[in-house]
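**Student:** mmCIF, C-alpha atoms, file query_1.cif:
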```
data_coords
#
loop_
_atom_site.label_atom_id
_atom_site.label_comp_id
_atom_site.auth_asym_id
_atom_site.auth_seq_id
_atom_site.Cartn_x
_atom_site.Cartn_y
_atom_site.Cartn_z
CA MET N 1 -79.42 -117.29 -29.80
CA GLN N 2 -81.92 -117.41 -32.67
CA THR N 3 -82.12 -120.83 -34.31
CA LEU N 4 -84.08 -122.17 -37.24
CA VAL N 5 -85.05 -125.73 -38.16
CA ILE N 6 -86.49 -126.44 -41.60
CA GLY N 7 -88.41 -129.70 -41.90
CA SER N 8 -91.31 -131.22 -40.00
CA GLY N 9 -90.64 -134.92 -40.56
CA THR N 10 -88.75 -137.30 -38.29
CA MET N 11 -85.72 -135.15 -37.46
CA GLY N 12 -87.00 -131.57 -37.44
CA PRO N 13 -89.40 -131.64 -34.46
CA SER N 14 -86.95 -133.59 -32.30
CA LEU N 15 -84.14 -131.16 -33.12
CA ALA N 16 -86.36 -128.11 -32.54
CA LEU N 17 -87.24 -129.50 -29.11
CA CYS N 18 -83.56 -130.01 -28.31
CA LEU N 19 -82.76 -126.41 -29.24
CA ALA N 20 -85.66 -124.86 -27.33
CA LEU N 21 -84.94 -126.94 -24.23
CA THR N 22 -81.36 -125.67 -24.12
CA GLY N 23 -82.37 -122.01 -24.13
CA HIS N 24 -82.49 -121.06 -27.79
CA ASN N 25 -85.32 -119.18 -29.46
CA THR N 26 -86.28 -121.61 -32.20
CA VAL N 27 -88.54 -121.50 -35.25
CA LEU N 28 -89.63 -124.77 -36.85
CA VAL N 29 -90.52 -124.28 -40.51
CA ALA N 30 -92.73 -126.62 -42.52
CA ARG N 31 -93.77 -126.33 -46.16
CA ARG N 32 -97.43 -126.82 -45.28
CA SER N 33 -99.31 -125.54 -42.25
CA GLU N 34 -101.07 -128.93 -41.93
CA ALA N 35 -97.73 -130.57 -41.15
CA LEU N 36 -97.20 -128.39 -38.09
CA ALA N 37 -99.88 -130.10 -36.01
CA SER N 38 -98.16 -133.50 -36.26
CA ALA N 39 -94.81 -131.81 -35.59
CA GLU N 40 -96.19 -130.29 -32.39
CA GLY N 41 -97.46 -133.72 -31.35
CA ALA N 42 -94.03 -135.27 -31.91
CA ILE N 43 -92.43 -132.49 -29.87
CA GLU N 44 -94.78 -133.13 -26.96
CA ILE N 45 -94.00 -136.86 -27.04
CA GLY N 46 -90.25 -136.12 -27.00
CA TYR N 47 -90.63 -133.66 -24.14
CA ARG N 48 -92.60 -136.20 -22.10
CA GLU N 49 -89.90 -138.84 -22.67
CA LEU N 50 -87.24 -136.52 -21.28
CA ALA N 51 -89.41 -135.26 -18.42
CA ASP N 52 -90.46 -138.75 -17.32
CA ALA N 53 -86.82 -139.85 -17.40
CA GLU N 54 -85.73 -136.76 -15.44
CA LEU N 55 -83.32 -135.86 -18.23
CA LEU N 56 -84.49 -132.32 -18.97
CA PRO N 57 -81.58 -129.85 -19.30
CA ALA N 58 -81.16 -127.11 -16.72
CA ALA N 59 -82.37 -124.45 -19.17
CA ALA N 60 -85.62 -126.27 -19.96
CA ASP N 61 -87.97 -123.96 -18.04
CA GLY N 62 -90.00 -121.82 -20.41
CA TRP N 63 -89.07 -123.84 -23.48
CA ARG N 64 -92.53 -123.61 -25.03
CA GLY N 65 -92.25 -119.84 -25.09
CA ARG N 66 -89.01 -120.14 -27.04
CA LEU N 67 -90.50 -122.38 -29.74
CA SER N 68 -92.60 -121.08 -32.62
CA PHE N 69 -93.81 -122.43 -35.95
CA ALA N 70 -93.89 -120.97 -39.46
CA THR N 71 -94.29 -121.78 -43.15
CA ASP N 72 -92.38 -118.77 -44.52
CA MET N 73 -88.75 -119.87 -44.48
CA ALA N 74 -87.30 -116.62 -45.81
CA GLU N 75 -89.00 -114.57 -43.11
CA ALA N 76 -88.01 -117.01 -40.37
CA ALA N 77 -84.37 -117.00 -41.52
CA ARG N 78 -84.04 -113.22 -41.40
CA ASN N 79 -82.62 -113.11 -37.85
CA ALA N 80 -81.18 -116.60 -37.56
CA ASP N 81 -77.77 -117.26 -36.03
CA PHE N 82 -77.90 -120.96 -36.89
CA ALA N 83 -80.14 -122.63 -39.47
CA PHE N 84 -80.53 -126.41 -39.58
CA GLU N 85 -82.00 -128.13 -42.63
CA ALA N 86 -83.85 -131.37 -41.88
CA ILE N 87 -85.74 -132.21 -45.07
CA ALA N 88 -85.74 -135.37 -47.19
CA GLU N 89 -82.45 -136.77 -48.56
CA ASP N 90 -82.96 -135.29 -52.02
CA ALA N 91 -79.98 -133.43 -53.49
CA GLU N 92 -81.95 -131.03 -55.68
CA ALA N 93 -84.35 -130.14 -52.87
CA LYS N 94 -81.48 -129.48 -50.48
CA GLN N 95 -79.62 -127.39 -53.06
CA ALA N 96 -82.69 -125.25 -53.69
CA LEU N 97 -83.27 -124.80 -49.97
CA PHE N 98 -79.67 -123.82 -49.22
CA THR N 99 -79.62 -121.36 -52.09
CA ALA N 100 -82.73 -119.72 -50.63
CA LEU N 101 -81.25 -119.83 -47.10
CA ASP N 102 -78.02 -118.27 -48.35
CA ASP N 103 -80.05 -115.35 -49.70
CA ALA N 104 -82.37 -114.98 -46.70
CA ALA N 105 -80.15 -115.52 -43.65
CA PRO N 106 -77.79 -112.87 -42.25
CA PRO N 107 -74.22 -113.14 -43.56
CA GLN N 108 -72.91 -114.27 -40.17
CA ALA N 109 -75.43 -117.11 -39.86
CA ILE N 110 -74.19 -120.69 -40.08
CA LEU N 111 -76.14 -122.95 -42.43
CA ALA N 112 -76.05 -126.62 -41.49
CA SER N 113 -77.59 -129.76 -42.96
CA THR N 114 -78.61 -132.70 -40.81
CA THR N 115 -77.99 -135.06 -43.73
CA SER N 116 -76.84 -138.52 -42.71
CA GLY N 117 -74.39 -138.82 -45.57
CA MET N 118 -74.76 -136.40 -48.47
CA LEU N 119 -71.63 -134.42 -49.34
CA VAL N 120 -71.47 -130.82 -48.15
CA ASP N 121 -70.18 -129.67 -51.54
CA VAL N 122 -73.22 -131.19 -53.24
CA ILE N 123 -75.61 -129.46 -50.86
CA ALA N 124 -73.83 -126.08 -51.11
CA ARG N 125 -73.25 -126.28 -54.88
CA HIS N 126 -75.29 -123.19 -55.78
CA CYS N 127 -74.59 -121.12 -52.67
CA ALA N 128 -72.56 -117.92 -52.88
CA GLY N 129 -71.56 -118.34 -49.22
CA LYS N 130 -70.16 -121.86 -49.38
CA ASN N 131 -67.76 -120.97 -46.58
CA ARG N 132 -70.59 -120.97 -44.00
CA VAL N 133 -72.21 -124.27 -45.01
CA ALA N 134 -71.46 -127.47 -43.08
CA VAL N 135 -73.12 -130.65 -41.90
CA ALA N 136 -74.36 -131.15 -38.36
CA HIS N 137 -75.64 -134.72 -38.46
CA PHE N 138 -77.59 -135.32 -35.27
CA ALA N 139 -78.07 -139.01 -34.59
CA ASN N 140 -81.78 -139.84 -34.56
CA PRO N 141 -83.65 -138.90 -32.39
CA PRO N 142 -81.78 -135.65 -31.68
CA HIS N 143 -83.52 -134.91 -28.37
CA LEU N 144 -82.03 -138.13 -26.98
CA MET N 145 -78.90 -139.09 -28.88
CA PRO N 146 -75.62 -137.43 -27.81
CA ALA N 147 -73.61 -137.85 -31.02
CA VAL N 148 -73.44 -135.07 -33.63
CA GLU N 149 -71.12 -135.36 -36.63
CA VAL N 150 -69.81 -131.94 -37.68
CA VAL N 151 -68.49 -132.10 -41.22
CA PRO N 152 -66.81 -129.44 -43.39
CA GLY N 153 -67.09 -128.99 -47.12
CA SER N 154 -64.07 -128.08 -49.20
CA ALA N 155 -64.87 -124.36 -48.78
CA THR N 156 -66.10 -124.36 -45.16
CA ASP N 157 -64.29 -121.81 -43.01
CA GLY N 158 -62.44 -123.19 -40.00
CA ALA N 159 -64.03 -120.54 -37.79
CA VAL N 160 -67.46 -121.76 -38.89
CA MET N 161 -66.52 -125.28 -37.80
CA ASP N 162 -65.29 -123.93 -34.45
CA ARG N 163 -68.54 -122.05 -33.86
CA LEU N 164 -70.69 -124.99 -34.89
CA CYS N 165 -68.81 -127.43 -32.66
CA ALA N 166 -69.07 -125.01 -29.73
CA PHE N 167 -72.80 -124.64 -30.35
CA VAL N 168 -73.29 -128.41 -30.42
CA HIS N 169 -71.30 -128.75 -27.20
CA GLY N 170 -73.57 -126.13 -25.62
CA LEU N 171 -76.54 -128.39 -26.35
CA GLY N 172 -74.98 -131.04 -24.12
CA LYS N 173 -74.06 -133.11 -27.17
CA GLU N 174 -70.80 -134.73 -28.30
CA ALA N 175 -69.48 -132.85 -31.35
CA ILE N 176 -67.52 -135.30 -33.51
CA ARG N 177 -65.49 -133.14 -35.89
CA LEU N 178 -64.49 -134.86 -39.10
CA LYS N 179 -61.28 -133.86 -40.83
CA ARG N 180 -62.88 -134.03 -44.30
CA ASP N 181 -66.17 -134.71 -46.01
CA LEU N 182 -66.99 -138.18 -47.32
CA PRO N 183 -70.21 -140.00 -48.27
CA GLY N 184 -71.99 -141.35 -45.22
CA HIS N 185 -69.66 -139.52 -42.81
CA LEU N 186 -68.70 -141.89 -39.95
CA PHE N 187 -72.07 -142.99 -38.58
CA ASN N 188 -73.61 -144.28 -41.78
CA ARG N 189 -70.40 -145.77 -43.17
CA LEU N 190 -70.08 -147.94 -40.07
CA GLN N 191 -73.83 -148.63 -39.92
CA PHE N 192 -74.07 -149.64 -43.58
CA ALA N 193 -70.98 -151.83 -43.39
CA LEU N 194 -72.75 -153.82 -40.68
CA MET N 195 -76.07 -153.80 -42.55
CA ARG N 196 -74.49 -154.98 -45.80
CA GLU N 197 -73.05 -158.02 -44.05
CA ALA N 198 -76.37 -158.60 -42.23
CA PHE N 199 -78.26 -158.48 -45.54
CA ALA N 200 -75.83 -160.98 -47.05
CA LEU N 201 -76.13 -163.40 -44.13
CA VAL N 202 -79.91 -163.52 -44.61
CA ARG N 203 -79.69 -163.61 -48.42
CA THR N 204 -77.29 -166.56 -48.42
CA GLY N 205 -79.28 -168.49 -45.84
CA ALA N 206 -76.64 -168.37 -43.11
CA ALA N 207 -79.22 -167.17 -40.57
CA ASP N 208 -82.71 -165.74 -40.24
CA ALA N 209 -83.22 -162.00 -39.78
CA GLU N 210 -84.24 -162.58 -36.16
CA ASP N 211 -81.00 -164.37 -35.32
CA VAL N 212 -78.83 -161.78 -37.03
CA ASP N 213 -80.52 -159.06 -34.99
CA LYS N 214 -80.26 -161.13 -31.80
CA VAL N 215 -76.50 -161.55 -32.07
CA VAL N 216 -76.13 -157.78 -32.51
CA LYS N 217 -78.62 -156.75 -29.80
CA ASN N 218 -77.58 -159.33 -27.20
CA GLY N 219 -73.89 -159.53 -28.03
CA TYR N 220 -71.97 -157.10 -30.18
CA SER N 221 -73.89 -153.93 -29.34
CA LEU N 222 -73.62 -154.42 -25.56
CA ARG N 223 -69.84 -154.14 -25.77
CA LEU N 224 -69.96 -151.21 -28.17
CA ALA N 225 -71.43 -149.01 -25.44
CA ALA N 226 -68.08 -149.22 -23.65
CA GLU N 227 -65.55 -150.00 -26.37
CA GLY N 228 -65.67 -148.91 -30.01
CA PRO N 229 -64.29 -151.21 -32.72
CA LEU N 230 -60.80 -149.69 -32.67
CA LYS N 231 -60.50 -149.82 -28.89
CA LYS N 232 -61.75 -153.40 -29.08
CA ALA N 233 -59.02 -154.21 -31.61
CA ASP N 234 -56.35 -152.82 -29.30
CA LEU N 235 -57.70 -154.73 -26.29
CA ALA N 236 -57.88 -157.99 -28.26
CA GLY N 237 -54.38 -157.42 -29.60
CA LEU N 238 -53.66 -156.42 -33.16
CA PRO N 239 -51.81 -159.67 -34.02
CA LEU N 240 -54.97 -161.65 -33.18
CA VAL N 241 -57.18 -159.22 -35.09
CA ALA N 242 -54.87 -159.37 -38.11
CA SER N 243 -54.89 -163.17 -38.00
CA VAL N 244 -58.70 -163.33 -38.02
CA ALA N 245 -58.91 -160.63 -40.69
CA GLN N 246 -56.56 -162.64 -42.90
CA TYR N 247 -59.11 -165.42 -43.39
CA LEU N 248 -62.33 -163.44 -42.75
CA TYR N 249 -61.85 -160.41 -45.02
CA PRO N 250 -62.06 -162.47 -48.24
CA ASP N 251 -65.35 -164.03 -47.10
CA LEU N 252 -67.14 -160.80 -46.12
CA ASP N 253 -69.78 -159.40 -48.44
CA THR N 254 -68.53 -156.87 -50.98
CA SER N 255 -71.75 -156.22 -52.93
CA GLN N 256 -71.53 -152.97 -54.86
CA THR N 257 -75.29 -152.60 -55.46
CA PRO N 258 -78.20 -153.46 -53.13
CA GLU N 259 -79.87 -155.96 -55.46
CA ASP N 260 -81.36 -157.94 -52.58
CA LEU N 261 -83.09 -154.82 -51.24
CA ARG N 262 -84.28 -153.83 -54.71
CA ASN N 263 -85.85 -157.24 -55.19
CA MET N 264 -87.65 -156.96 -51.86
CA ILE N 265 -88.92 -153.50 -52.76
CA GLN N 266 -90.16 -154.67 -56.17
CA ASN N 267 -92.09 -157.42 -54.39
CA GLY N 268 -93.79 -154.86 -52.14
CA ASN N 269 -91.70 -155.71 -49.09
CA SER N 270 -90.26 -152.23 -48.58
CA GLY N 271 -90.24 -152.06 -44.78
CA ALA N 272 -92.39 -151.17 -41.81
CA GLU N 273 -94.60 -148.65 -43.59
CA ALA N 274 -95.55 -151.26 -46.21
CA GLY N 275 -96.22 -153.88 -43.54
CA ARG N 276 -93.37 -156.17 -44.56
CA GLY N 277 -89.61 -156.04 -44.94
CA PHE N 278 -87.36 -158.51 -43.14
CA TYR N 279 -90.18 -158.69 -40.58
CA ASP N 280 -93.96 -158.38 -40.59
CA TRP N 281 -95.10 -154.97 -39.33
CA THR N 282 -98.20 -153.26 -38.04
CA PRO N 283 -98.32 -149.57 -37.02
CA GLU N 284 -98.56 -150.71 -33.41
CA ARG N 285 -95.47 -152.89 -33.68
CA GLY N 286 -93.50 -150.08 -35.31
CA ALA N 287 -94.47 -147.66 -32.54
CA ALA N 288 -93.58 -150.24 -29.88
CA VAL N 289 -90.13 -150.91 -31.34
CA THR N 290 -89.39 -147.17 -31.57
CA ALA N 291 -90.52 -146.64 -27.98
CA GLU N 292 -88.38 -149.58 -26.82
CA ARG N 293 -85.38 -148.13 -28.67
CA ASN N 294 -85.88 -144.73 -27.05
CA GLN N 295 -86.18 -146.26 -23.60
CA GLU N 296 -82.93 -148.18 -24.15
CA VAL N 297 -81.21 -144.92 -25.15
CA ILE N 298 -82.65 -143.24 -22.05
CA ARG N 299 -81.32 -146.03 -19.80
CA HIS N 300 -77.86 -145.55 -21.30
CA LEU N 301 -78.06 -141.77 -20.90
CA LYS N 302 -78.89 -142.25 -17.22
CA ARG N 303 -75.88 -144.53 -16.81
CA LEU N 304 -73.66 -141.93 -18.46
CA ARG N 305 -75.04 -139.18 -16.22
CA ALA N 306 -74.56 -141.33 -13.09
CA GLY N 307 -70.96 -141.98 -14.12
CA ARG N 308 -70.26 -138.28 -14.63
CA ASP N 309 -71.88 -137.38 -11.32
CA LYS N 310 -69.78 -139.98 -9.51
CA LEU N 311 -66.56 -138.61 -11.00
CA GLU N 312 -67.50 -135.04 -10.08
CA ASN N 313 -68.25 -136.02 -6.46
CA GLU N 314 -65.03 -137.99 -5.91
#
```
Please, can you express the file's structure as structure tokens?
**Tutor:**
Amino acid sequence: MQTLVIGSGTMGPSLALCLALTGHNTVLVARRSEALASAEGAIEIGYRELADAELLPAAADGWRGRLSFATDMAEAARNADFAFEAIAEDAEAKQALFTALDDAAPPQAILASTTSGMLVDVIARHCAGKNRVAVAHFANPPHLMPAVEVVPGSATDGAVMDRLCAFVHGLGKEAIRLKRDLPGHLFNRLQFALMREAFALVRTGAADAEDVDKVVKNGYSLRLAAEGPLKKADLAGLPLVASVAQYLYPDLDTSQTPEDLRNMIQNGNSGAEAGRGFYDWTPERGAAVTAERNQEVIRHLKRLRAGRDKLENE
């Protein structure tokens, strides 16, 4: 299978590694040749994480020979079976890229965006072959995270969705097939609902950022690994959940614009890269938190693998 990844930022190298490790000939395309060196470095770090954790897929041998790099997207797309866009979340840039991909890729190729929430119809607006465009939103980082949202646009062919889901499954991932397109898909709608309430709790002085994060990390999120919110509702009993919702819903944050974030940004507190957001940051602290996150994901992946192995051996 010939696969193509366009974008050398956070998502692209990790996804290219995932594809090459599972047996696919993969080309990673960057706009500038200078960006490829850092992409190669990120790929090596991801590979080492998987190797050290003994989580390499069975097809991993020879993966470096299956991975190449390019700056000419049209040439790289010429023989692609699957093309994955992983550039910045800019509608016009994505539209221009997909229009070019639609012209360059073979007619049977599937064109997928890794967008975390942009509508398929927006991305495919200027494509002649809208029927072969879909979203494959790999949770970040793709070489570790199992979840992939597969989302159709209004014109996406059902057979394209079938092929894309089968391809994702072949990567050892969980293909989560949405019935329709909507902003944010599932992952970001749920994530931003939680973040909106977290922002409000800090803004209104109910708790510090550290305590909000602690109650999620050391409480809520530990249960989520075994029971999603709807399963939790069933286990708690819907009458109880409805009773709590009756008094809690009216008190939850319903902000329609992120004014608190805009104020922070205007004050120069725009997050880790700027050195300050809800926390103080240094490059070393940012790298340490990312590494800790990845190791936590790896520990969970090992637990999942051990559980599957136990079931298979019983």
**Student:** May I ask which of the residues N:Leu164, N:Leu55, N:Met264, N:Ala74 is the closest one to Val133 (chain N), counting all atoms listed in the file?
**Tutor:** N:Leu164
**Student:** Go through N:Leu101, N:Ala80, N:Tyr220, N:Val297 one by one, measure the shortest atom-to-atom distance of each to Lys232 (chain N) using all atoms listed in the file, and give the residue with the smallest value.
**Tutor:**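 Using all atoms listed in the file, Lys232 (chain N) sits closest to N:Tyr220.
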**Student:** So which residues get picked by the PyMOL selection byres ((chain N and resi 90-96) around 7) here, written as a PyMOL selection string?
**Tutor:** chain N and resi 88-89+97-100+123-126
**Student:** Work out how far apart CA of Met195 (chain N) and CA of Asp280 (chain N) are and give it in Å to one decimal.
**Tutor:** 18.6 Å
**Student:** Smallest atom-to-atom distance to Asn131 (chain N): which of N:Leu119, N:Leu178, N:Ala159, N:Ile298, using all atoms listed in the file?
**Tutor:**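 Closest to Asn131 (chain N), using all atoms listed in the file: N:Ala159.
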**Student:** Lys130 (chain N): which residues within 9 Å, counting only C-alpha atoms, same-chain residues fewer than 5 positions away excluded, as a compact mmCIF listing (two decimals) with C-alpha atoms, in the coordinates of the input?
**Tutor:**
```
# COMPACT_ATOMS: atom_id res chain seq x y z
CA ASP N 102 -78.02 -118.27 -48.35
CA ASP N 121 -70.18 -129.67 -51.54
CA ALA N 124 -73.83 -126.08 -51.11
CA ARG N 125 -73.25 -126.28 -54.88
CA GLY N 153 -67.09 -128.99 -47.12
CA SER N 154 -64.07 -128.08 -49.20
CA ALA N 155 -64.87 -124.36 -48.78
CA THR N 156 -66.10 -124.36 -45.16
CA ASP N 157 -64.29 -121.81 -43.01
```
**Student:** Distance cut-off 9 Å, centre (-93.9, -124.8, -42.6) in file coordinates, counting all atoms listed in the file: which residues qualify? Return them as a JSON list (two decimals) with C-alpha atoms, keeping the file's coordinate frame.
**Tutor:**
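Everything below was put into selection_5.json:
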```json
[["chain", "number", "residue", "atom", "x", "y", "z"],
["N", 6, "ILE", "CA", -86.49, -126.44, -41.60],
["N", 7, "GLY", "CA", -88.41, -129.70, -41.90],
["N", 8, "SER", "CA", -91.31, -131.22, -40.00],
["N", 28, "LEU", "CA", -89.63, -124.77, -36.85],
["N", 29, "VAL", "CA", -90.52, -124.28, -40.51],
["N", 30, "ALA", "CA", -92.73, -126.62, -42.52],
["N", 31, "ARG", "CA", -93.77, -126.33, -46.16],
["N", 32, "ARG", "CA", -97.43, -126.82, -45.28],
["N", 33, "SER", "CA", -99.31, -125.54, -42.25],
["N", 34, "GLU", "CA", -101.07, -128.93, -41.93],
["N", 35, "ALA", "CA", -97.73, -130.57, -41.15],
["N", 36, "LEU", "CA", -97.20, -128.39, -38.09],
["N", 69, "PHE", "CA", -93.81, -122.43, -35.95],
["N", 70, "ALA", "CA", -93.89, -120.97, -39.46],
["N", 71, "THR", "CA", -94.29, -121.78, -43.15],
["N", 72, "ASP", "CA", -92.38, -118.77, -44.52],
["N", 73, "MET", "CA", -88.75, -119.87, -44.48]]
```
**Student:** Suppose you want the space between CA of Leu224 (chain N) and CA of Ala200 (chain N); what is it in Å?
**Tutor:**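 Computed distance, CA of Leu224 (chain N) to CA of Ala200 (chain N), equals 22.1 Å.
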**Student:** Considering only C-alpha atoms, can you say which of N:Asp162, N:Glu197, N:Glu40, N:Glu49 comes closest to Leu252 (chain N)?
**Tutor:**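 Smallest distance to Leu252 (chain N) is found for N:Glu197.
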**Student:** List as an MDAnalysis selection string the protein and nucleic acid residues near Arg276 (chain N), meaning an atom at most 12 Å away when all atoms listed in the file are counted, but skip any in the same chain fewer than 4 places from it.
**Tutor:** chainID N and resid 264:265 267:272 280:283 285:286
**Student:** Write out as a VMD selection string the residues lying within 8 Å of Phe84 (chain N), counting only C-alpha atoms and excluding same-chain residues fewer than 6 positions away.
**Tutor:** chain N and resid 3 to 6 111 to 114 136
**Student:** For CA of Lys179 (chain N) and CA of Met11 (chain N), quote the distance in Å rounded to one decimal.
**Tutor:** 24.7 Å
**Student:** What's around Phe138 (chain N) at 9 Å? Count all atoms listed in the file, leave out sequence neighbours fewer than 6 positions away in its own chain, and write the answer as a list in words.
**Tutor:**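 Non-adjacent residues within range: Met11, Leu15, Thr114, Thr115, Ser116, Met145, Pro146, Ala147, Val148, Glu149 and Val150 of chain N.
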**Student:** I need the residue nearest Phe82 (chain N) from this list: N:Val122, N:Ala51, N:Thr22, N:Gln2. Use all atoms listed in the file for the distance.
**Tutor:**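 Of all the options, N:Gln2 lies closest to Phe82 (chain N).
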**Student:** Go through N:Leu186, N:Leu144, N:Val160, N:Leu238 one by one, measure the shortest atom-to-atom distance of each to Ala53 (chain N) using all atoms listed in the file, and give the residue with the smallest value.
**Tutor:**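 Nearest candidate to Ala53 (chain N) out of N:Leu186, N:Leu144, N:Val160, N:Leu238: N:Leu144.
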**Student:** Could you give me the axis-aligned bounding box of region 240-246 of chain N, with 8 Å of padding per side, as centre plus edge lengths in Å to one decimal, as JSON?
**Tutor:**
```
{"center_x": -56.9, "center_y": -161.3, "center_z": -38.0, "size_x": 20.0, "size_y": 20.1, "size_z": 25.7}
```
